[in-house]
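As stored in target14.cif (mmCIF, C-alpha atoms and all ligand atoms):
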```
data_entry
loop_
_atom_site.label_atom_id
_atom_site.label_comp_id
_atom_site.auth_asym_id
_atom_site.auth_seq_id
_atom_site.Cartn_x
_atom_site.Cartn_y
_atom_site.Cartn_z
CA MET A 14 29.69 1.09 -11.13
CA ASN A 15 29.08 -0.53 -7.78
CA LYS A 16 25.89 -2.35 -6.92
CA GLN A 17 24.72 0.22 -4.38
CA SER A 18 24.30 2.94 -6.97
CA ASP A 19 21.86 0.80 -8.95
CA VAL A 20 19.10 2.06 -6.65
CA VAL A 21 18.80 5.65 -5.50
CA SER A 22 16.20 7.35 -3.31
CA LEU A 23 14.02 9.97 -4.88
CA VAL A 24 12.72 12.07 -1.99
CA ASN A 25 9.51 14.12 -2.05
CA ILE A 26 8.65 16.60 0.74
CA SER A 27 5.52 17.94 -0.96
CA THR A 28 2.08 16.49 -0.22
CA GLN A 29 1.14 17.19 -3.80
CA LYS A 30 0.30 14.08 -5.81
CA TRP A 31 2.02 13.68 -9.14
CA PRO A 32 0.70 11.77 -12.11
CA ALA A 33 2.76 8.62 -12.82
CA ARG A 34 5.89 9.24 -14.86
CA HIS A 35 6.32 7.33 -18.09
CA ARG A 36 9.53 6.32 -19.79
CA THR A 37 10.03 3.77 -22.53
CA TYR A 38 12.84 2.15 -20.54
CA PHE A 39 10.96 1.53 -17.29
CA GLY A 40 7.30 1.90 -18.07
CA SER A 41 5.55 3.94 -15.41
CA LEU A 42 6.62 5.08 -11.97
CA THR A 43 4.57 6.81 -9.31
CA ILE A 44 6.40 9.30 -7.12
CA GLN A 45 5.34 8.74 -3.52
CA SER A 46 3.98 11.64 -1.48
CA PRO A 47 4.31 11.92 2.31
CA GLU A 48 1.20 10.73 4.14
CA GLY A 49 -0.09 10.79 7.70
CA GLY A 50 2.00 13.78 8.73
CA ALA A 51 5.29 12.30 7.52
CA ALA A 52 7.94 14.85 6.53
CA TYR A 53 8.88 13.09 3.31
CA ALA A 54 8.35 10.01 1.16
CA VAL A 55 10.99 7.95 -0.61
CA THR A 56 10.54 6.41 -4.04
CA PRO A 57 13.32 3.97 -4.93
CA VAL A 58 14.55 4.41 -8.50
CA ARG A 59 16.40 1.57 -10.18
CA ALA A 60 18.90 1.43 -13.00
CA CYS A 61 17.57 0.36 -16.40
CA THR A 62 18.82 -1.01 -19.66
CA SER A 63 17.45 0.70 -22.70
CA MET A 64 17.61 -0.60 -26.25
CA MET A 65 18.61 2.01 -28.75
CA ASP A 66 17.54 1.37 -32.33
CA LEU A 67 20.44 2.05 -34.70
CA GLY A 68 18.51 1.02 -37.84
CA ASP A 69 19.34 -1.93 -40.13
CA LYS A 70 18.04 -4.25 -37.40
CA ARG A 71 20.95 -3.22 -35.23
CA THR A 72 20.33 -2.22 -31.65
CA MET A 73 22.58 -1.02 -28.90
CA GLU A 74 22.08 -1.59 -25.22
CA ILE A 75 22.34 1.53 -23.12
CA ARG A 76 22.68 1.27 -19.39
CA LEU A 77 20.99 4.13 -17.58
CA SER A 78 22.10 4.51 -13.97
CA ALA A 79 19.56 4.99 -11.22
CA GLN A 80 21.09 8.41 -10.56
CA GLU A 81 20.57 9.53 -14.17
CA ILE A 82 16.98 8.32 -14.22
CA ALA A 83 16.15 9.89 -10.85
CA GLU A 84 17.73 13.22 -11.79
CA ASP A 85 15.76 13.26 -15.03
CA LEU A 86 12.51 12.69 -13.11
CA VAL A 87 13.39 15.35 -10.53
CA ARG A 88 14.11 17.87 -13.29
CA GLU A 89 10.80 17.10 -14.94
CA ILE A 90 8.69 17.41 -11.78
CA ASN A 91 10.45 20.41 -10.25
CA GLY A 92 10.65 22.31 -13.50
CA ASP A 93 7.04 22.20 -14.71
CA SER A 94 5.88 25.52 -13.25
CA GLY A 95 7.98 28.15 -14.95
CA GLU A 96 10.92 30.17 -13.72
CA GLY A 97 12.38 29.17 -10.37
CA SER A 98 9.95 26.27 -10.24
CA TYR A 99 10.57 23.81 -7.42
CA HIS A 100 8.20 21.20 -6.04
CA GLY A 101 10.18 19.61 -3.23
CA VAL A 102 11.61 16.61 -5.07
CA PHE A 103 15.29 15.66 -4.97
CA VAL A 104 17.69 12.74 -5.19
CA ALA A 105 19.16 11.83 -1.81
CA ALA A 106 22.83 11.01 -1.51
CA GLY A 107 22.03 8.02 0.69
CA THR A 108 19.08 5.66 1.13
CA GLU A 109 17.34 8.12 3.44
CA PRO A 110 17.58 11.92 3.16
CA THR A 111 19.77 13.75 5.68
CA LYS A 112 18.48 16.60 7.86
CA GLU A 113 20.53 19.01 5.76
CA GLU A 114 19.07 17.73 2.49
CA LEU A 115 15.54 18.04 3.87
CA ALA A 116 16.17 21.54 5.25
CA ASP A 117 17.63 22.64 1.94
CA ALA A 118 14.64 21.26 0.01
CA GLN A 119 12.24 22.93 2.46
CA LYS A 120 14.02 26.26 1.99
CA LYS A 121 13.85 26.01 -1.79
CA LEU A 122 10.20 24.95 -1.71
CA GLU A 123 9.27 27.87 0.54
CA ALA A 124 11.14 30.32 -1.68
CA PHE A 125 9.18 29.10 -4.67
CA GLN A 126 5.90 29.21 -2.74
CA ARG A 127 6.60 32.80 -1.67
CA ARG A 128 7.20 33.69 -5.28
CA LEU A 129 3.85 32.13 -6.24
CA VAL A 130 2.09 34.10 -3.51
CA GLU A 131 3.71 37.34 -4.73
CA THR A 132 2.49 36.62 -8.26
CA ALA A 133 -1.03 35.97 -6.96
CA ASP A 134 -0.93 39.19 -4.90
CA LEU A 135 -0.04 41.20 -8.00
CA GLU A 136 -2.72 39.46 -10.02
CA TRP A 137 -5.29 40.13 -7.31
CA GLU A 138 -4.32 43.78 -7.11
CA ARG A 139 -4.72 44.06 -10.86
CA SER A 140 -7.90 42.08 -11.49
CA HIS A 141 -9.58 41.26 -8.16
CA ASN A 142 -10.68 38.14 -9.97
CA MET A 143 -10.46 34.75 -8.28
CA MET A 144 -10.41 33.09 -11.69
CA PHE A 145 -6.88 34.31 -12.30
CA ILE A 146 -5.49 32.76 -9.13
CA THR A 147 -4.10 29.30 -9.82
CA ASP A 148 -4.52 26.21 -7.65
CA LEU A 149 -0.76 26.17 -7.26
CA GLU A 150 -0.80 29.70 -5.83
CA ARG A 151 -3.62 28.85 -3.42
CA ARG A 152 -1.79 25.76 -2.28
CA ALA A 153 1.38 27.79 -1.75
CA ALA A 154 -0.39 30.35 0.44
CA ARG A 155 -2.06 27.62 2.50
CA GLU A 156 1.17 25.74 3.01
CA LEU A 157 2.88 28.94 4.12
CA GLY A 158 -0.03 29.57 6.50
CA LEU A 159 -0.84 32.94 4.92
CA GLU A 160 -4.23 34.64 4.95
CA LYS A 161 -5.04 36.15 1.58
CA PRO A 162 -8.19 37.77 0.23
CA TRP A 163 -7.85 35.60 -2.88
CA LEU A 164 -7.42 32.43 -0.88
CA TYR A 165 -11.01 31.53 -0.22
CA ASP A 166 -11.96 28.30 -1.86
CA PRO A 167 -15.39 28.51 -3.49
CA LYS A 168 -15.92 24.74 -3.32
CA PRO A 169 -16.36 23.95 0.41
CA MET A 170 -19.11 26.55 0.97
CA ALA A 171 -22.09 24.93 2.65
CA ASP A 172 -25.71 25.98 3.12
CA CYS A 173 -26.82 27.20 6.54
CA PRO A 174 -29.35 24.63 7.77
CA ALA A 175 -31.43 27.40 9.32
CA CYS A 176 -31.64 30.06 6.59
CA GLY A 177 -30.10 28.41 3.52
CA GLU A 178 -27.53 31.17 2.95
CA LYS A 179 -23.97 30.22 1.98
CA ILE A 180 -21.66 29.78 4.95
CA ARG A 181 -17.90 29.27 5.24
CA PRO A 182 -16.97 25.82 6.53
CA GLY A 183 -16.21 25.61 10.26
CA VAL A 184 -17.89 28.85 11.30
CA ALA A 185 -19.59 28.91 14.72
CA VAL A 186 -22.44 31.24 13.86
CA CYS A 187 -24.25 31.97 10.61
CA ARG A 188 -23.58 35.61 9.72
CA THR A 189 -26.92 35.92 7.96
CA CYS A 190 -29.42 34.54 10.44
CA GLY A 191 -27.29 34.14 13.59
CA ALA A 192 -28.02 30.43 14.01
CA ILE A 193 -25.47 28.62 16.18
CA LEU A 194 -23.84 26.07 13.93
CA ASP A 195 -21.12 24.91 16.30
CA ARG A 196 -22.20 25.24 19.94
CA GLU A 197 -18.79 24.43 21.39
CA LYS A 198 -16.95 26.89 19.20
CA ALA A 199 -19.58 29.56 19.76
CA ALA A 200 -19.21 29.18 23.54
CA LYS A 201 -15.45 29.44 23.22
CA PHE A 202 -15.77 32.83 21.53
CA GLY A 203 -18.48 34.04 23.90
CA LEU A 204 -21.21 33.80 21.28
CA ALA A 205 -23.31 31.20 23.07
CA GLU A 206 -24.64 33.79 25.56
CA ARG A 207 -26.20 35.68 22.69
CA GLU A 208 -27.83 32.47 21.66
CA GLU A 209 -29.57 32.25 25.05
CA LYS A 210 -30.98 35.72 24.52
CA TRP A 211 -32.14 34.72 21.08
CA SER A 212 -33.80 31.60 22.37
CA GLY A 213 -36.28 33.99 23.97
CA GLU A 214 -36.54 36.53 21.17
CA GLY A 215 -35.37 34.81 18.02
CA ARG A 216 -37.55 31.73 18.04
CA PRO A 217 -40.91 33.39 18.63
CA GLN A 218 -39.96 35.71 15.81
CA MET A 219 -39.61 32.72 13.55
CA ASP A 220 -43.00 31.51 14.75
CA LYS A 221 -44.49 34.88 13.92
CA VAL A 222 -43.20 34.55 10.40
CA GLY A 223 -44.82 31.11 10.29
CA ASP A 224 -48.13 32.44 11.63
CA LYS A 225 -48.11 35.24 9.10
CA GLY A 226 -47.62 32.66 6.40
CA LYS A 227 -50.52 30.58 7.68
CA ARG A 228 -52.76 33.62 8.08
CA GLY A 229 -51.86 34.65 4.56
CA SER A 230 -52.90 31.32 3.15
CA ARG A 231 -56.13 31.31 5.17
CA GLU A 232 -56.97 34.77 3.84
CA ALA A 233 -56.25 33.54 0.37
CA ASP A 234 -58.60 30.57 0.94
CA SER A 235 -61.42 32.75 2.24
CA ARG A 236 -61.33 34.96 -0.79
ZN ZN B 1 -28.21 31.13 8.52
#
```
Using structure tokens, write down the structure that the file contains.
Ligand SMILES: [Zn+2]
Amino acid sequence: MNKQSDVVSLVNISTQKWPARHRTYFGSLTIQSPEGGAAYAVTPVRACTSMMDLGDKRTMEIRLSAQEIAEDLVREINGDSGEGSYHGVFVAAGTEPTKEELADAQKKLEAFQRRLVETADLEWERSHNMMFITDLERRAARELGLEKPWLYDPKPMADCPACGEKIRPGVAVCRTCGAILDREKAAKFGLAEREEKWSGEGRPQMDKVGDKGKRGSREADSR
């Protein structure tokens, strides 16, 4: 075996982070994920020598090529999500992946993501329960840029600073109380004009509520 094949490039096009891989013959290896908008990340995988215990204090050295090790890792990562599972990891023929290799991986990843979305759609139709939609399915829909009723993420909900009701992140106007949360965005969608109207009607209304509250407490005191 020539020296070049002692290191191969394991390519990952998915932004998903994988837990480190453990093998007795190399310890642990972290598969790199693309960062900062990069299309892919390369993790070099090296050849290893493994000691095989034959018993009777006899051991045998086994040379594992970089290709074998990388293919084993790729199988493990890609195959952990059931039938047709693919997570965008492959062994490049050269040091860097070719355009064709990347396009092929992208195609396979998208096919798997579409399958996940279909499964989630069926589940949603059946149960209408967010609990049955997996993180993997949500991630797939987001990466495909699809809008799905089951896609909303319960975690990033914030409280409206004006009324305290739950609001979706990034909204311009609170749907409950009408408070402008993002002036620039509201103006862009023609919602800022309404705000001007409210500045005359809305705020005194809030004051009235406040006055009522004060009056109420005064009445309570006088009793
Ligand atoms: Zn509000």
- Item | Shell of 12 Å around region 140-155 of chain A, only C-alpha atoms, local chain residues under 2 positions omitted, as a PyMOL selection string | chain A and resi 27-29+93-95+98-100+122-138+157-167
Deliver the residues from the most recent selection as a file, using C-alpha atoms, as a CSV table (one decimal), in the frame of the given file.
```
chain,number,residue,atom,x,y,z
A,27,SER,CA,5.5,17.9,-1.0
A,28,THR,CA,2.1,16.5,-0.2
A,29,GLN,CA,1.1,17.2,-3.8
A,93,ASP,CA,7.0,22.2,-14.7
A,94,SER,CA,5.9,25.5,-13.2
A,95,GLY,CA,8.0,28.2,-15.0
A,98,SER,CA,10.0,26.3,-10.2
A,99,TYR,CA,10.6,23.8,-7.4
A,100,HIS,CA,8.2,21.2,-6.0
A,122,LEU,CA,10.2,25.0,-1.7
A,123,GLU,CA,9.3,27.9,0.5
A,124,ALA,CA,11.1,30.3,-1.7
A,125,PHE,CA,9.2,29.1,-4.7
A,126,GLN,CA,5.9,29.2,-2.7
A,127,ARG,CA,6.6,32.8,-1.7
A,128,ARG,CA,7.2,33.7,-5.3
A,129,LEU,CA,3.8,32.1,-6.2
A,130,VAL,CA,2.1,34.1,-3.5
A,131,GLU,CA,3.7,37.3,-4.7
A,132,THR,CA,2.5,36.6,-8.3
A,133,ALA,CA,-1.0,36.0,-7.0
A,134,ASP,CA,-0.9,39.2,-4.9
A,135,LEU,CA,0.0,41.2,-8.0
A,136,GLU,CA,-2.7,39.5,-10.0
A,137,TRP,CA,-5.3,40.1,-7.3
A,138,GLU,CA,-4.3,43.8,-7.1
A,157,LEU,CA,2.9,28.9,4.1
A,158,GLY,CA,0.0,29.6,6.5
A,159,LEU,CA,-0.8,32.9,4.9
A,160,GLU,CA,-4.2,34.6,5.0
A,161,LYS,CA,-5.0,36.2,1.6
A,162,PRO,CA,-8.2,37.8,0.2
A,163,TRP,CA,-7.8,35.6,-2.9
A,164,LEU,CA,-7.4,32.4,-0.9
A,165,TYR,CA,-11.0,31.5,-0.2
A,166,ASP,CA,-12.0,28.3,-1.9
A,167,PRO,CA,-15.4,28.5,-3.5
```
8 Å from ligand ZN 1 (chain B) is the threshold here; counting only C-alpha atoms and all ligand atoms, which polymer residues fall inside it? Answer as a PDB file with C-alpha atoms, in the coordinates of the input.
```pdb
ATOM      1  CA  ASP A 172     -25.710  25.980   3.120  1.00  0.00           C
ATOM      2  CA  CYS A 173     -26.820  27.200   6.540  1.00  0.00           C
ATOM      3  CA  PRO A 174     -29.350  24.630   7.770  1.00  0.00           C
ATOM      4  CA  ALA A 175     -31.430  27.400   9.320  1.00  0.00           C
ATOM      5  CA  CYS A 176     -31.640  30.060   6.590  1.00  0.00           C
ATOM      6  CA  GLY A 177     -30.100  28.410   3.520  1.00  0.00           C
ATOM      7  CA  GLU A 178     -27.530  31.170   2.950  1.00  0.00           C
ATOM      8  CA  LYS A 179     -23.970  30.220   1.980  1.00  0.00           C
ATOM      9  CA  ILE A 180     -21.660  29.780   4.950  1.00  0.00           C
ATOM     10  CA  VAL A 186     -22.440  31.240  13.860  1.00  0.00           C
ATOM     11  CA  CYS A 187     -24.250  31.970  10.610  1.00  0.00           C
ATOM     12  CA  ARG A 188     -23.580  35.610   9.720  1.00  0.00           C
ATOM     13  CA  THR A 189     -26.920  35.920   7.960  1.00  0.00           C
ATOM     14  CA  CYS A 190     -29.420  34.540  10.440  1.00  0.00           C
ATOM     15  CA  GLY A 191     -27.290  34.140  13.590  1.00  0.00           C
ATOM     16  CA  ALA A 192     -28.020  30.430  14.010  1.00  0.00           C
TER      17      ALA A 192
END
```
- Message: Can you pull out the residues contacting Leu42 (chain A)? Cut-off 8 Å, using all atoms listed in the file, and skip same-chain residues under 4 positions away; I want them as a ChimeraX atom specification.
- Response: /A:33-35
- Message: Report, in Å with one decimal, the straight-line distance from CA of Lys121 (chain A) to CA of Ile26 (chain A).
- Response: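 For CA of Lys121 (chain A) relative to CA of Ile26 (chain A), the distance reads 11.0 Å.
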- Note on the structure: What separates CA of Ala118 (chain A) and CA of Val58 (chain A) is a distance of 18.9 Å
- What is the distance, in Å and to one decimal place, between CA of Ala83 (chain A) and CA of Pro57 (chain A)?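 Straight-line distance from CA of Ala83 (chain A) to CA of Pro57 (chain A) works out to 8.8 Å.
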- The residue from A:Leu77, A:Val184, A:Val24, A:Ile193 with the smallest atom-to-atom distance to Ala52 (chain A), counting all atoms listed in the file, is A:Val24
Please, can region 49-60 of chain A be completed to all heavy atoms and returned as a PDB file, in the frame of the given file?
```pdb
ATOM      1  N   GLY A  49       0.067  10.920   6.247  1.00  0.00           N
ATOM      2  CA  GLY A  49      -0.090  10.790   7.700  1.00  0.00           C
ATOM      3  C   GLY A  49       0.877  11.647   8.489  1.00  0.00           C
ATOM      4  O   GLY A  49       1.395  11.235   9.511  1.00  0.00           O
ATOM      5  N   GLY A  50       1.148  12.853   8.003  1.00  0.00           N
ATOM      6  CA  GLY A  50       2.000  13.780   8.730  1.00  0.00           C
ATOM      7  C   GLY A  50       3.491  13.519   8.589  1.00  0.00           C
ATOM      8  O   GLY A  50       4.305  14.165   9.245  1.00  0.00           O
ATOM      9  N   ALA A  51       3.866  12.572   7.749  1.00  0.00           N
ATOM     10  CA  ALA A  51       5.290  12.300   7.520  1.00  0.00           C
ATOM     11  C   ALA A  51       5.942  13.493   6.833  1.00  0.00           C
ATOM     12  O   ALA A  51       5.281  14.247   6.125  1.00  0.00           O
ATOM     13  CB  ALA A  51       5.444  11.048   6.664  1.00  0.00           C
ATOM     14  N   ALA A  52       7.238  13.691   7.082  1.00  0.00           N
ATOM     15  CA  ALA A  52       7.940  14.850   6.530  1.00  0.00           C
ATOM     16  C   ALA A  52       8.319  14.627   5.066  1.00  0.00           C
ATOM     17  O   ALA A  52       8.470  15.572   4.307  1.00  0.00           O
ATOM     18  CB  ALA A  52       9.191  15.135   7.345  1.00  0.00           C
ATOM     19  N   TYR A  53       8.468  13.379   4.693  1.00  0.00           N
ATOM     20  CA  TYR A  53       8.880  13.090   3.310  1.00  0.00           C
ATOM     21  C   TYR A  53       8.499  11.666   2.939  1.00  0.00           C
ATOM     22  O   TYR A  53       8.138  10.853   3.807  1.00  0.00           O
ATOM     23  CB  TYR A  53      10.386  13.285   3.145  1.00  0.00           C
ATOM     24  CG  TYR A  53      11.215  12.326   3.975  1.00  0.00           C
ATOM     25  CD1 TYR A  53      11.604  11.088   3.467  1.00  0.00           C
ATOM     26  CD2 TYR A  53      11.596  12.649   5.281  1.00  0.00           C
ATOM     27  CE1 TYR A  53      12.345  10.199   4.233  1.00  0.00           C
ATOM     28  CE2 TYR A  53      12.334  11.774   6.053  1.00  0.00           C
ATOM     29  CZ  TYR A  53      12.712  10.548   5.517  1.00  0.00           C
ATOM     30  OH  TYR A  53      13.434   9.669   6.269  1.00  0.00           O
ATOM     31  N   ALA A  54       8.572  11.373   1.638  1.00  0.00           N
ATOM     32  CA  ALA A  54       8.350  10.010   1.160  1.00  0.00           C
ATOM     33  C   ALA A  54       9.483   9.654   0.209  1.00  0.00           C
ATOM     34  O   ALA A  54       9.985  10.526  -0.501  1.00  0.00           O
ATOM     35  CB  ALA A  54       7.007   9.921   0.438  1.00  0.00           C
ATOM     36  N   VAL A  55       9.887   8.398   0.253  1.00  0.00           N
ATOM     37  CA  VAL A  55      10.990   7.950  -0.610  1.00  0.00           C
ATOM     38  C   VAL A  55      10.449   7.032  -1.700  1.00  0.00           C
ATOM     39  O   VAL A  55       9.673   6.125  -1.429  1.00  0.00           O
ATOM     40  CB  VAL A  55      12.064   7.205   0.222  1.00  0.00           C
ATOM     41  CG1 VAL A  55      13.102   6.552  -0.687  1.00  0.00           C
ATOM     42  CG2 VAL A  55      12.741   8.154   1.199  1.00  0.00           C
ATOM     43  N   THR A  56      10.852   7.302  -2.922  1.00  0.00           N
ATOM     44  CA  THR A  56      10.540   6.410  -4.040  1.00  0.00           C
ATOM     45  C   THR A  56      11.862   5.834  -4.543  1.00  0.00           C
ATOM     46  O   THR A  56      12.703   6.591  -5.017  1.00  0.00           O
ATOM     47  CB  THR A  56       9.849   7.182  -5.186  1.00  0.00           C
ATOM     48  OG1 THR A  56       8.724   7.882  -4.666  1.00  0.00           O
ATOM     49  CG2 THR A  56       9.409   6.231  -6.288  1.00  0.00           C
ATOM     50  N   PRO A  57      12.073   4.524  -4.416  1.00  0.00           N
ATOM     51  CA  PRO A  57      13.320   3.970  -4.930  1.00  0.00           C
ATOM     52  C   PRO A  57      13.316   3.977  -6.461  1.00  0.00           C
ATOM     53  O   PRO A  57      12.306   3.638  -7.077  1.00  0.00           O
ATOM     54  CB  PRO A  57      13.337   2.527  -4.400  1.00  0.00           C
ATOM     55  CG  PRO A  57      12.121   2.375  -3.544  1.00  0.00           C
ATOM     56  CD  PRO A  57      11.191   3.493  -3.853  1.00  0.00           C
ATOM     57  N   VAL A  58      14.418   4.396  -7.043  1.00  0.00           N
ATOM     58  CA  VAL A  58      14.550   4.410  -8.500  1.00  0.00           C
ATOM     59  C   VAL A  58      15.690   3.483  -8.878  1.00  0.00           C
ATOM     60  O   VAL A  58      16.780   3.563  -8.305  1.00  0.00           O
ATOM     61  CB  VAL A  58      14.815   5.852  -9.025  1.00  0.00           C
ATOM     62  CG1 VAL A  58      15.078   5.849 -10.516  1.00  0.00           C
ATOM     63  CG2 VAL A  58      13.639   6.761  -8.698  1.00  0.00           C
ATOM     64  N   ARG A  59      15.403   2.577  -9.789  1.00  0.00           N
ATOM     65  CA  ARG A  59      16.400   1.570 -10.180  1.00  0.00           C
ATOM     66  C   ARG A  59      17.022   1.859 -11.537  1.00  0.00           C
ATOM     67  O   ARG A  59      16.404   2.514 -12.372  1.00  0.00           O
ATOM     68  CB  ARG A  59      15.751   0.189 -10.220  1.00  0.00           C
ATOM     69  CG  ARG A  59      15.469  -0.329  -8.837  1.00  0.00           C
ATOM     70  CD  ARG A  59      14.668  -1.602  -8.801  1.00  0.00           C
ATOM     71  NE  ARG A  59      14.397  -1.923  -7.394  1.00  0.00           N
ATOM     72  CZ  ARG A  59      13.417  -1.389  -6.691  1.00  0.00           C
ATOM     73  NH1 ARG A  59      12.607  -0.525  -7.243  1.00  0.00           N
ATOM     74  NH2 ARG A  59      13.261  -1.686  -5.413  1.00  0.00           N
ATOM     75  N   ALA A  60      18.208   1.323 -11.711  1.00  0.00           N
ATOM     76  CA  ALA A  60      18.900   1.430 -13.000  1.00  0.00           C
ATOM     77  C   ALA A  60      18.137   0.641 -14.055  1.00  0.00           C
ATOM     78  O   ALA A  60      17.398  -0.282 -13.726  1.00  0.00           O
ATOM     79  CB  ALA A  60      20.319   0.901 -12.869  1.00  0.00           C
TER      80      ALA A  60
END
```
